[in-house]
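Undergrad: Hey, dropping work00.cif in here, mmCIF, C-alpha atoms:
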```
data_final
loop_
_atom_site.label_atom_id
_atom_site.label_comp_id
_atom_site.auth_asym_id
_atom_site.auth_seq_id
_atom_site.Cartn_x
_atom_site.Cartn_y
_atom_site.Cartn_z
CA MET A 1 -8.40 13.05 17.48
CA THR A 2 -5.55 11.10 19.03
CA ARG A 3 -1.97 10.84 17.80
CA GLY A 4 -2.65 7.32 16.52
CA ALA A 5 -5.68 8.40 14.53
CA ARG A 6 -3.75 11.19 12.87
CA ALA A 7 -0.87 8.87 12.07
CA ALA A 8 -3.21 6.29 10.59
CA LEU A 9 -5.16 8.86 8.57
CA SER A 10 -1.98 10.07 6.92
CA GLY A 11 -2.08 6.75 5.09
CA THR A 12 -4.15 6.50 2.00
CA GLY A 13 -5.66 3.06 1.61
CA PRO A 14 -5.33 -0.04 3.63
CA ASN A 15 -1.66 -0.33 4.17
CA THR A 16 -0.41 2.65 2.35
CA GLY A 17 1.58 4.86 4.66
CA PRO A 18 4.82 3.95 6.37
CA VAL A 19 4.67 3.30 10.08
CA PRO A 20 7.88 3.58 12.11
CA VAL A 21 8.40 0.12 13.55
CA ALA A 22 11.84 0.59 15.03
CA ALA A 23 10.70 2.85 17.88
CA SER A 24 10.26 0.39 20.70
CA GLN A 25 8.39 1.46 23.78
CA ASP A 26 6.43 -1.64 24.66
CA ASN A 27 3.83 -1.09 27.32
CA PRO A 28 5.24 1.99 28.97
CA GLU A 29 2.48 1.79 31.57
CA PRO A 30 1.60 -1.20 33.69
CA GLN A 31 -1.58 -3.13 32.93
CA ARG A 32 -4.63 -1.28 34.14
CA ARG A 33 -8.32 -1.47 33.41
CA LEU A 34 -9.53 0.84 30.69
CA GLY A 35 -12.30 3.20 31.74
CA SER A 36 -15.42 3.39 29.57
CA ALA A 37 -14.54 6.97 28.56
CA ALA A 38 -11.12 5.87 27.29
CA ARG A 39 -12.76 2.98 25.43
CA ARG A 40 -15.19 5.37 23.76
CA VAL A 41 -12.40 7.68 22.55
CA ILE A 42 -10.37 4.78 21.13
CA THR A 43 -13.45 3.25 19.51
CA ARG A 44 -14.49 6.55 17.94
CA ASP A 45 -11.01 7.28 16.54
CA ALA A 46 -10.55 3.73 15.26
CA LEU A 47 -13.94 3.75 13.52
CA GLY A 48 -13.09 7.14 12.00
CA VAL A 49 -9.83 5.83 10.56
CA GLY A 50 -11.51 2.70 9.22
CA LEU A 51 -14.31 4.59 7.48
CA ALA A 52 -12.11 7.39 6.11
CA VAL A 53 -9.34 5.19 4.75
CA GLY A 54 -11.68 2.44 3.60
CA THR A 55 -13.44 4.67 1.08
CA SER A 56 -10.24 4.59 -1.03
CA GLY A 57 -11.48 1.14 -2.00
CA LEU A 58 -13.65 2.97 -4.56
CA THR A 59 -10.46 3.81 -6.47
CA PHE A 60 -9.21 0.27 -6.27
CA GLY A 61 -12.49 -1.21 -7.51
CA ALA A 62 -12.70 1.24 -10.42
CA ALA A 63 -9.05 0.82 -11.42
CA GLY A 64 -9.29 -2.96 -11.07
CA ALA A 65 -12.29 -3.11 -13.39
CA ALA A 66 -10.48 -0.84 -15.86
CA ALA A 67 -7.46 -3.18 -15.72
CA GLY A 68 -9.64 -6.04 -16.91
CA LEU A 69 -10.58 -7.74 -13.65
CA SER A 70 -14.18 -8.89 -13.20
CA VAL A 71 -16.20 -7.50 -10.29
CA LEU A 72 -15.70 -10.84 -8.53
CA GLN A 73 -11.93 -10.70 -9.06
CA CYS A 74 -11.75 -7.13 -7.72
CA CYS A 75 -13.71 -8.15 -4.62
CA ALA A 76 -11.66 -11.32 -4.11
CA THR A 77 -8.47 -9.25 -4.26
CA SER A 78 -9.69 -6.86 -1.56
CA LEU A 79 -11.11 -9.66 0.61
CA LEU A 80 -8.10 -11.97 0.40
CA MET A 81 -5.10 -9.68 -0.13
CA PHE A 82 -6.26 -6.65 1.88
CA THR A 83 -3.14 -4.53 1.57
CA GLY A 84 -3.54 -1.49 -0.67
CA ALA A 85 -0.16 -0.99 -2.30
CA SER A 86 0.09 -4.70 -3.23
CA GLN A 87 -3.42 -4.66 -4.68
CA PHE A 88 -2.67 -1.62 -6.84
CA ALA A 89 0.63 -3.21 -7.94
CA LEU A 90 -1.20 -6.33 -9.08
CA ILE A 91 -3.73 -4.46 -11.20
CA GLY A 92 -1.06 -2.02 -12.42
CA VAL A 93 0.96 -4.86 -13.92
CA LEU A 94 -2.02 -6.89 -15.18
CA GLY A 95 -3.72 -3.80 -16.62
CA SER A 96 -0.68 -2.90 -18.71
CA GLY A 97 -0.53 -6.40 -20.18
CA GLY A 98 2.03 -7.93 -17.80
CA SER A 99 2.03 -11.60 -16.89
CA ALA A 100 0.24 -13.07 -13.89
CA VAL A 101 3.58 -14.10 -12.39
CA ALA A 102 5.10 -10.60 -12.71
CA GLY A 103 1.96 -9.07 -11.18
CA ALA A 104 1.92 -11.50 -8.27
CA ILE A 105 5.63 -11.08 -7.51
CA SER A 106 5.29 -7.26 -7.49
CA ALA A 107 2.33 -7.52 -5.10
CA VAL A 108 4.08 -9.91 -2.72
CA ALA A 109 7.29 -7.83 -2.72
CA LEU A 110 5.27 -4.80 -1.61
CA GLY A 111 3.68 -6.88 1.17
CA THR A 112 6.99 -7.54 2.93
CA ARG A 113 6.71 -4.59 5.28
CA ASN A 114 3.68 -6.16 6.94
CA SER A 115 6.06 -8.77 8.36
CA PHE A 116 7.85 -6.01 10.23
CA TYR A 117 4.56 -4.68 11.54
CA GLY A 118 3.69 -8.18 12.72
CA ILE A 119 6.84 -8.37 14.82
CA ARG A 120 6.02 -5.07 16.46
CA LEU A 121 2.41 -6.10 17.08
CA ALA A 122 3.23 -9.58 18.38
CA SER A 123 4.85 -8.16 21.50
CA LEU A 124 2.11 -5.57 21.91
CA LEU A 125 -1.06 -7.62 21.35
CA ARG A 126 0.15 -10.96 22.73
CA LEU A 127 -2.20 -13.00 20.59
CA ARG A 128 -2.36 -16.75 21.07
CA GLY A 129 -3.25 -19.74 18.89
CA ALA A 130 -5.99 -19.47 16.30
CA ARG A 131 -6.55 -15.76 17.01
CA ARG A 132 -3.21 -15.10 15.37
CA LEU A 133 -4.35 -16.77 12.14
CA VAL A 134 -7.36 -14.43 11.86
CA SER A 135 -5.63 -11.31 13.19
CA ALA A 136 -2.79 -11.65 10.67
CA GLN A 137 -5.10 -10.54 7.85
CA ILE A 138 -5.48 -7.07 9.41
CA VAL A 139 -1.77 -6.50 10.11
CA ILE A 140 -1.35 -3.41 7.91
CA ASP A 141 -0.18 0.24 8.09
CA GLU A 142 -3.25 1.73 9.71
CA THR A 143 -3.84 -0.93 12.37
CA THR A 144 -0.15 -0.83 13.32
CA ALA A 145 -0.23 2.97 13.58
CA MET A 146 -3.32 2.89 15.79
CA ALA A 147 -2.18 0.01 18.00
CA THR A 148 1.32 1.35 18.62
CA ALA A 149 0.01 4.81 19.55
CA GLN A 150 -1.86 3.49 22.62
CA SER A 151 -0.56 3.44 26.16
CA GLY A 152 -1.21 -0.15 27.22
CA PRO A 153 -1.92 -3.65 25.90
CA GLU A 154 -5.67 -3.48 26.44
CA SER A 155 -6.10 -0.21 24.57
CA SER A 156 -3.72 -1.42 21.84
CA ARG A 157 -5.83 -4.52 21.28
CA LEU A 158 -9.02 -2.46 21.17
CA ALA A 159 -7.54 0.04 18.68
CA PHE A 160 -6.07 -2.75 16.53
CA PHE A 161 -9.27 -4.76 16.19
CA ILE A 162 -11.72 -1.88 15.75
CA THR A 163 -9.51 -0.15 13.18
CA GLY A 164 -8.90 -3.44 11.36
CA ILE A 165 -12.50 -4.63 11.27
CA SER A 166 -14.03 -1.27 10.29
CA LEU A 167 -11.37 -0.74 7.61
CA TYR A 168 -11.85 -4.28 6.30
CA VAL A 169 -15.62 -3.87 5.96
CA THR A 170 -15.43 -0.37 4.42
CA TRP A 171 -12.59 -1.19 2.01
CA ASN A 172 -14.42 -4.24 0.69
CA LEU A 173 -17.79 -2.52 0.29
CA ALA A 174 -16.07 0.42 -1.46
CA THR A 175 -14.23 -2.00 -3.78
CA LEU A 176 -17.55 -3.56 -4.80
CA VAL A 177 -19.15 -0.17 -5.46
CA GLY A 178 -16.10 1.07 -7.42
CA ALA A 179 -15.88 -2.05 -9.58
CA VAL A 180 -19.61 -2.12 -10.38
CA THR A 181 -19.69 1.60 -11.18
CA ALA A 182 -16.60 1.52 -13.40
CA GLY A 183 -17.93 -1.52 -15.24
CA ALA A 184 -21.15 0.33 -16.05
CA VAL A 185 -19.54 3.36 -17.72
CA GLY A 186 -17.85 3.25 -21.12
CA ASP A 187 -14.17 3.44 -22.06
CA PRO A 188 -12.23 3.83 -18.78
CA ASP A 189 -9.33 5.64 -20.44
CA SER A 190 -11.62 8.49 -21.48
CA PHE A 191 -12.03 9.10 -17.73
CA GLY A 192 -8.26 9.06 -17.22
CA ILE A 193 -8.26 5.86 -15.15
CA ASP A 194 -4.92 4.90 -16.73
CA ALA A 195 -3.41 7.99 -15.05
CA ALA A 196 -5.24 7.31 -11.77
CA VAL A 197 -3.22 4.17 -11.09
CA PRO A 198 0.28 5.75 -11.27
CA ALA A 199 -1.10 8.75 -9.36
CA ALA A 200 -2.24 6.34 -6.64
CA PHE A 201 1.28 4.90 -6.45
CA LEU A 202 2.74 8.37 -6.24
CA ALA A 203 0.42 9.26 -3.35
CA LEU A 204 1.43 6.01 -1.64
CA VAL A 205 5.16 6.59 -1.99
CA ALA A 206 5.20 10.35 -1.32
CA PRO A 207 5.37 10.13 2.52
CA ARG A 208 8.43 7.88 2.17
CA LEU A 209 10.44 10.27 0.00
CA ARG A 210 11.69 12.52 2.81
CA GLY A 211 14.99 10.70 3.41
CA ALA A 212 18.06 11.13 1.18
CA GLN A 213 18.51 7.36 0.83
CA GLU A 214 14.85 6.98 -0.16
CA ARG A 215 15.30 9.62 -2.87
CA ARG A 216 18.39 7.90 -4.23
CA THR A 217 16.55 4.60 -4.30
CA ALA A 218 13.56 6.25 -6.01
CA LEU A 219 15.68 7.84 -8.75
CA LEU A 220 17.59 4.63 -9.41
CA ALA A 221 14.35 2.63 -9.53
CA VAL A 222 12.84 5.03 -12.08
CA LEU A 223 15.94 4.82 -14.29
CA ILE A 224 16.08 1.02 -14.12
CA GLY A 225 12.35 0.68 -14.75
CA LEU A 226 12.29 2.99 -17.77
CA ALA A 227 15.49 1.57 -19.26
CA ALA A 228 13.99 -1.91 -19.04
CA VAL A 229 10.67 -1.05 -20.74
CA PRO A 230 11.86 -1.42 -24.38
CA VAL A 231 13.96 -4.52 -23.76
CA THR A 232 11.94 -6.74 -21.38
CA PRO A 233 8.39 -8.16 -21.36
CA VAL A 234 5.66 -5.98 -19.80
CA GLY A 235 5.68 -6.26 -15.99
CA VAL A 236 9.35 -7.18 -15.74
CA PRO A 237 10.70 -3.57 -15.52
CA VAL A 238 8.96 -3.12 -12.18
CA LEU A 239 10.53 -6.31 -10.84
CA LEU A 240 13.99 -5.27 -12.06
CA SER A 241 13.62 -1.95 -10.25
CA ALA A 242 13.99 -3.89 -6.98
CA LEU A 243 17.71 -3.87 -7.84
CA ALA A 244 17.66 -0.21 -6.78
CA VAL A 245 17.88 -1.40 -3.16
CA ALA A 246 21.27 -3.05 -3.84
CA PRO A 247 23.36 -0.06 -2.65
CA VAL A 248 22.03 -0.37 0.92
CA LEU A 249 23.26 -3.97 1.05
CA PHE A 250 26.85 -2.79 0.84
CA ARG A 251 26.61 -0.14 3.52
CA ARG A 252 27.88 -0.63 7.04
CA ASN A 253 25.66 -0.02 10.05
CA GLY A 254 24.65 3.38 11.32
CA THR A 255 24.97 5.42 8.18
CA GLY A 256 21.32 5.35 7.13
CA ALA A 257 20.27 8.71 5.74
CA MET B 258 -4.48 -16.37 -15.36
CA ILE B 259 -5.88 -13.37 -13.48
CA TRP B 260 -7.29 -15.70 -10.84
CA LEU B 261 -3.89 -17.35 -10.51
CA ALA B 262 -2.27 -13.96 -9.87
CA VAL B 263 -4.99 -12.83 -7.45
CA LEU B 264 -4.99 -16.01 -5.37
CA GLY B 265 -1.24 -16.56 -5.47
CA ALA B 266 -0.41 -12.99 -4.48
CA ALA B 267 -3.10 -12.95 -1.78
CA PHE B 268 -1.70 -16.15 -0.28
CA GLY B 269 1.85 -14.73 -0.36
CA CYS B 270 0.74 -11.47 1.26
CA TYR B 271 -1.12 -13.38 3.99
CA LEU B 272 1.94 -15.53 4.75
CA LEU B 273 4.05 -12.36 5.08
CA LYS B 274 1.56 -10.89 7.57
CA LEU B 275 1.34 -14.11 9.58
CA GLY B 276 5.10 -14.62 9.40
CA GLY B 277 5.70 -11.34 11.23
CA LEU B 278 3.48 -12.47 14.10
CA LEU B 279 5.25 -15.83 14.33
CA VAL B 280 8.99 -15.39 13.65
CA PRO B 281 11.45 -14.56 16.41
CA ALA B 282 11.97 -10.80 16.47
CA ARG B 283 15.77 -11.02 16.13
CA VAL B 284 15.56 -12.28 12.53
CA LEU B 285 13.94 -9.10 11.21
CA ARG B 286 15.96 -6.84 13.50
CA GLN B 287 19.09 -7.37 11.36
CA PRO B 288 20.11 -3.90 10.12
CA THR B 289 20.51 -5.06 6.52
CA VAL B 290 17.08 -6.71 6.52
CA GLN B 291 15.58 -3.54 7.98
CA ARG B 292 17.20 -1.31 5.37
CA VAL B 293 16.08 -3.47 2.48
CA ALA B 294 12.56 -3.56 3.92
CA GLU B 295 12.50 0.24 4.07
CA GLN B 296 13.84 0.77 0.55
CA LEU B 297 12.05 -2.01 -1.35
CA PRO B 298 8.58 -0.39 -1.32
CA VAL B 299 10.12 2.92 -2.45
CA ALA B 300 11.85 1.25 -5.42
CA LEU B 301 8.80 -0.74 -6.54
CA LEU B 302 6.31 2.08 -6.09
CA MET B 303 8.46 4.61 -7.96
CA ALA B 304 8.99 2.16 -10.82
CA LEU B 305 5.22 1.64 -10.95
CA VAL B 306 4.75 5.43 -11.13
CA ALA B 307 7.31 5.86 -13.93
CA VAL B 308 6.26 2.84 -15.99
CA GLY B 309 2.55 3.53 -15.49
CA THR B 310 3.00 7.12 -16.67
CA LEU B 311 5.40 6.70 -19.59
CA ALA B 312 5.14 3.14 -20.92
CA ASP B 313 2.72 1.96 -23.56
CA GLY B 314 3.38 -1.74 -23.91
CA ARG B 315 7.09 -1.93 -24.66
CA SER B 316 7.60 1.64 -25.85
CA LEU B 317 7.98 4.90 -23.95
CA VAL B 318 5.52 7.66 -24.86
CA LEU B 319 4.57 11.14 -23.69
CA ASP B 320 0.77 11.42 -23.61
CA ALA B 321 -2.06 12.87 -21.53
CA ARG B 322 -1.07 10.74 -18.53
CA VAL B 323 1.97 12.99 -17.97
CA ALA B 324 -0.34 15.99 -17.46
CA GLY B 325 -2.39 13.95 -15.00
CA LEU B 326 0.70 13.00 -12.98
CA ALA B 327 1.91 16.60 -12.98
CA ALA B 328 -1.45 17.60 -11.52
CA ALA B 329 -1.11 14.83 -8.92
CA VAL B 330 2.29 16.19 -7.87
CA VAL B 331 0.76 19.64 -7.35
CA ALA B 332 -2.11 18.12 -5.35
CA LEU B 333 0.39 16.22 -3.16
CA PHE B 334 2.36 19.39 -2.48
CA LEU B 335 -0.90 20.99 -1.38
CA ARG B 336 -1.36 18.03 1.00
CA ALA B 337 -4.52 16.83 -0.68
CA PRO B 338 -5.87 13.48 0.57
CA PHE B 339 -5.44 10.30 -1.46
CA LEU B 340 -8.82 10.29 -3.20
CA VAL B 341 -8.42 13.93 -4.26
CA VAL B 342 -4.94 13.26 -5.70
CA VAL B 343 -6.23 10.34 -7.74
CA VAL B 344 -9.34 12.14 -8.98
CA VAL B 345 -7.30 15.24 -9.94
CA ALA B 346 -4.91 13.05 -11.97
CA ALA B 347 -7.72 11.20 -13.74
CA GLY B 348 -9.70 14.40 -14.35
CA THR B 349 -6.72 16.27 -15.79
CA THR B 350 -5.86 13.38 -18.10
CA ALA B 351 -9.48 13.11 -19.27
CA LEU B 352 -9.58 16.87 -19.90
CA VAL B 353 -6.36 16.87 -21.92
CA ARG B 354 -7.74 14.00 -24.06
CA LEU B 355 -10.90 16.03 -24.74
CA ILE B 356 -9.07 19.09 -26.08
#
```
Could you write out this structure as structure tokens?
TA:
Amino acid sequence: MTRGARAALSGTGPNTGPVPVAASQDNPEPQRRLGSAARRVITRDALGVGLAVGTSGLTFGAAGAAAGLSVLQCCATSLLMFTGASQFALIGVLGSGGSAVAGAISAVALGTRNSFYGIRLASLLRLRGARRLVSAQIVIDETTAMATAQSGPESSRLAFFITGISLYVTWNLATLVGAVTAGAVGDPDSFGIDAAVPAAFLALVAPRLRGAQERRTALLAVLIGLAAVPVTPVGVPVLLSALAVAPVLFRRNGTGA
Amino acid sequence: MIWLAVLGAAFGCYLLKLGGLLVPARVLRQPTVQRVAEQLPVALLMALVAVGTLADGRSLVLDARVAGLAAAVVALFLRAPFLVVVVVAAGTTALVRLI
């Protein structure tokens, strides 16, 4: 398995593990034709990542159904949003009785990092015109990890599209199966689904908690969120926790922990 | 209302993805923008963990979910994959509710 495949597999759903975007080493090798052996290795790794990560869609479908979404709404979320952390945020807020607006804002706020991936990928993939409109939907953690781990533009494009398409198909099929299955069994809380959603968030955030600044932000966010629970409408505490990033606004350059 | 949230959030998330492919790189290379982008997911995800574990509507409670999250922490320390972490948390919570 290649470096890119391992990096992508350390994620946990579409778009769930951080990918370093600052490291810039665009096209270290000049353009050259990819041999069929190299293509096979990239294709195999990319398919492996797509299938392995995509099965987490089962969890999303089941948790979405438990949060009160219909099977159609679960599937529409995976088809149209296709970014794991945002999807879980949406159903986390809606499932606990939060408003549609609070749920949507939480989801969009978690989608901001895809913009940074897009910048990295734009110089690597060199997409033009309408292809960019379609490709944008698969700009997520795993495709960025796979594309940036390759040694040239042709292999990056191959890794990006095969990872993205296989993950898209698997994630959406798994969402459907999860939602239908969860809808068929009885009270979801008796299966502990209400604990599965925060556990999913914890698994998503865990790889990011290695830095000191990240830990400070995490602690502050927890305190703000819990303090806000008794005094604000459901869904709002999570939005207020975004204030935990305020300290980094007042720091000068170069001191990031 | 659920449809409004699903479609609105999906549209917003798509625009963010597309925006990255279209905007000039220098805008998002600002150090402050970078730092906020790194910290924002941490803040939101941790708040979702805390609120999802301890809140019941507008009150804070200690119930079987706490046991499930504790089990998830152990699973994460053992480097269990995502699905295992989630299933362990749900299973532990279900078990505690049974007994």
Undergrad: Could you tell me which residues the PyMOL selection byres ((chain A) within 6 of (chain B)) grabs in this file, written as a ChimeraX atom specification?
TA: /A:12,77,80-81,100,104,108,110-111,114-116,118-119,122,136,190-193,195-196,198-201,217-218,221-222,225,229-230,238,242,245
Undergrad: Grab the atom CA of Arg251 of chain A to atom CA of Val205 of chain A distance for me, in Å with one decimal place.
TA: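 Interatomic distance here is 23.1 Å.
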Undergrad: May I ask for the distance between atom CA of Leu79 of chain A and atom CA of Tyr168 of chain A, given in Å to one decimal place?
TA: 7.9 Å
Undergrad: Report, in Å to a single decimal, how far apart atom CA of Leu58 of chain A and atom CA of Ala179 of chain A are.
TA: 7.4 Å
Undergrad: Do you know which residues the PyMOL selection byres ((chain A and resi 144) around 9) returns on this file, as number ranges by chain?
TA: A: 8, 19, 21, 117-118, 120-121, 139-143, 145-149, 160
Undergrad: Starting from the PyMOL selection byres ((chain A and resi 65) around 12), expand the selection into actual residues of this file and give them as a PDB file with C-alpha atoms, in the coordinates of the input.
TA:
```
ATOM      1  CA  LEU A  58     -13.650   2.970  -4.560  1.00  0.00           C
ATOM      2  CA  THR A  59     -10.460   3.810  -6.470  1.00  0.00           C
ATOM      3  CA  PHE A  60      -9.210   0.270  -6.270  1.00  0.00           C
ATOM      4  CA  GLY A  61     -12.490  -1.210  -7.510  1.00  0.00           C
ATOM      5  CA  ALA A  62     -12.700   1.240 -10.420  1.00  0.00           C
ATOM      6  CA  ALA A  63      -9.050   0.820 -11.420  1.00  0.00           C
ATOM      7  CA  GLY A  64      -9.290  -2.960 -11.070  1.00  0.00           C
ATOM      8  CA  ALA A  66     -10.480  -0.840 -15.860  1.00  0.00           C
ATOM      9  CA  ALA A  67      -7.460  -3.180 -15.720  1.00  0.00           C
ATOM     10  CA  GLY A  68      -9.640  -6.040 -16.910  1.00  0.00           C
ATOM     11  CA  LEU A  69     -10.580  -7.740 -13.650  1.00  0.00           C
ATOM     12  CA  SER A  70     -14.180  -8.890 -13.200  1.00  0.00           C
ATOM     13  CA  VAL A  71     -16.200  -7.500 -10.290  1.00  0.00           C
ATOM     14  CA  LEU A  72     -15.700 -10.840  -8.530  1.00  0.00           C
ATOM     15  CA  GLN A  73     -11.930 -10.700  -9.060  1.00  0.00           C
ATOM     16  CA  CYS A  74     -11.750  -7.130  -7.720  1.00  0.00           C
ATOM     17  CA  CYS A  75     -13.710  -8.150  -4.620  1.00  0.00           C
ATOM     18  CA  THR A  77      -8.470  -9.250  -4.260  1.00  0.00           C
ATOM     19  CA  PHE A  88      -2.670  -1.620  -6.840  1.00  0.00           C
ATOM     20  CA  ILE A  91      -3.730  -4.460 -11.200  1.00  0.00           C
ATOM     21  CA  GLY A  92      -1.060  -2.020 -12.420  1.00  0.00           C
ATOM     22  CA  LEU A  94      -2.020  -6.890 -15.180  1.00  0.00           C
ATOM     23  CA  GLY A  95      -3.720  -3.800 -16.620  1.00  0.00           C
ATOM     24  CA  THR A 175     -14.230  -2.000  -3.780  1.00  0.00           C
ATOM     25  CA  LEU A 176     -17.550  -3.560  -4.800  1.00  0.00           C
ATOM     26  CA  VAL A 177     -19.150  -0.170  -5.460  1.00  0.00           C
ATOM     27  CA  GLY A 178     -16.100   1.070  -7.420  1.00  0.00           C
ATOM     28  CA  ALA A 179     -15.880  -2.050  -9.580  1.00  0.00           C
ATOM     29  CA  VAL A 180     -19.610  -2.120 -10.380  1.00  0.00           C
ATOM     30  CA  THR A 181     -19.690   1.600 -11.180  1.00  0.00           C
ATOM     31  CA  ALA A 182     -16.600   1.520 -13.400  1.00  0.00           C
ATOM     32  CA  GLY A 183     -17.930  -1.520 -15.240  1.00  0.00           C
ATOM     33  CA  ALA A 184     -21.150   0.330 -16.050  1.00  0.00           C
ATOM     34  CA  VAL A 185     -19.540   3.360 -17.720  1.00  0.00           C
ATOM     35  CA  GLY A 186     -17.850   3.250 -21.120  1.00  0.00           C
ATOM     36  CA  ASP A 187     -14.170   3.440 -22.060  1.00  0.00           C
ATOM     37  CA  PRO A 188     -12.230   3.830 -18.780  1.00  0.00           C
ATOM     38  CA  ASP A 189      -9.330   5.640 -20.440  1.00  0.00           C
ATOM     39  CA  ILE A 193      -8.260   5.860 -15.150  1.00  0.00           C
ATOM     40  CA  ASP A 194      -4.920   4.900 -16.730  1.00  0.00           C
ATOM     41  CA  VAL A 197      -3.220   4.170 -11.090  1.00  0.00           C
TER      42      VAL A 197
END
```
Undergrad: So that I can see what lies close to Leu239 of chain A, please list as number ranges by chain the residues with an atom at most 8 Å from it, counting only C-alpha atoms and leaving out residues fewer than 3 positions away in the same chain.
TA: A: 102, 105-106, 235-236, 242; B: 301
Undergrad: Select, from A:Leu90, A:Ala228, A:Ile162, A:Leu240, the residue with the minimum atom-to-atom distance to Arg40 of chain A, counting only C-alpha atoms.
TA: A:Ile162
Undergrad: For Gly164 of chain A, which of A:Ile138, A:Val234, A:Ala37, A:Ala52 is the closest residue, counting only C-alpha atoms?
TA: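 Counting only C-alpha atoms, the residue closest to Gly164 of chain A is A:Ile138.
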Undergrad: Of the candidates A:Ile42, A:Phe161, A:Thr112, A:Ala174, which shows the shortest atom-to-atom distance to Thr55 of chain A, using all atoms listed in the file?
TA: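 Closest to Thr55 of chain A, using all atoms listed in the file: A:Ala174.
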Undergrad: Is it possible to produce a file of segment 73-92 of chain A from this structure, with C-alpha atoms, as a JSON list (two decimals), in the first residue's frame?
TA:
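Below you can see out-v9.json, which holds the result:
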```json
[["chain", "number", "residue", "atom", "x", "y", "z"],
["A", 73, "GLN", "CA", -33.36, 12.51, 3.39],
["A", 74, "CYS", "CA", -30.40, 10.38, 4.56],
["A", 75, "CYS", "CA", -29.58, 9.47, 0.96],
["A", 76, "ALA", "CA", -30.00, 13.05, -0.27],
["A", 77, "THR", "CA", -27.59, 14.23, 2.43],
["A", 78, "SER", "CA", -24.91, 11.75, 1.36],
["A", 79, "LEU", "CA", -25.46, 12.39, -2.35],
["A", 80, "LEU", "CA", -25.51, 16.18, -2.17],
["A", 81, "MET", "CA", -23.35, 17.07, 0.84],
["A", 82, "PHE", "CA", -20.80, 14.24, 0.64],
["A", 83, "THR", "CA", -18.51, 15.34, 3.46],
["A", 84, "GLY", "CA", -18.68, 13.13, 6.54],
["A", 85, "ALA", "CA", -18.10, 15.46, 9.47],
["A", 86, "SER", "CA", -20.63, 18.00, 8.13],
["A", 87, "GLN", "CA", -23.21, 15.27, 7.58],
["A", 88, "PHE", "CA", -22.81, 13.96, 11.13],
["A", 89, "ALA", "CA", -23.00, 17.53, 12.48],
["A", 90, "LEU", "CA", -26.29, 18.09, 10.68],
["A", 91, "ILE", "CA", -27.94, 14.97, 12.07],
["A", 92, "GLY", "CA", -26.34, 15.52, 15.50]]
```
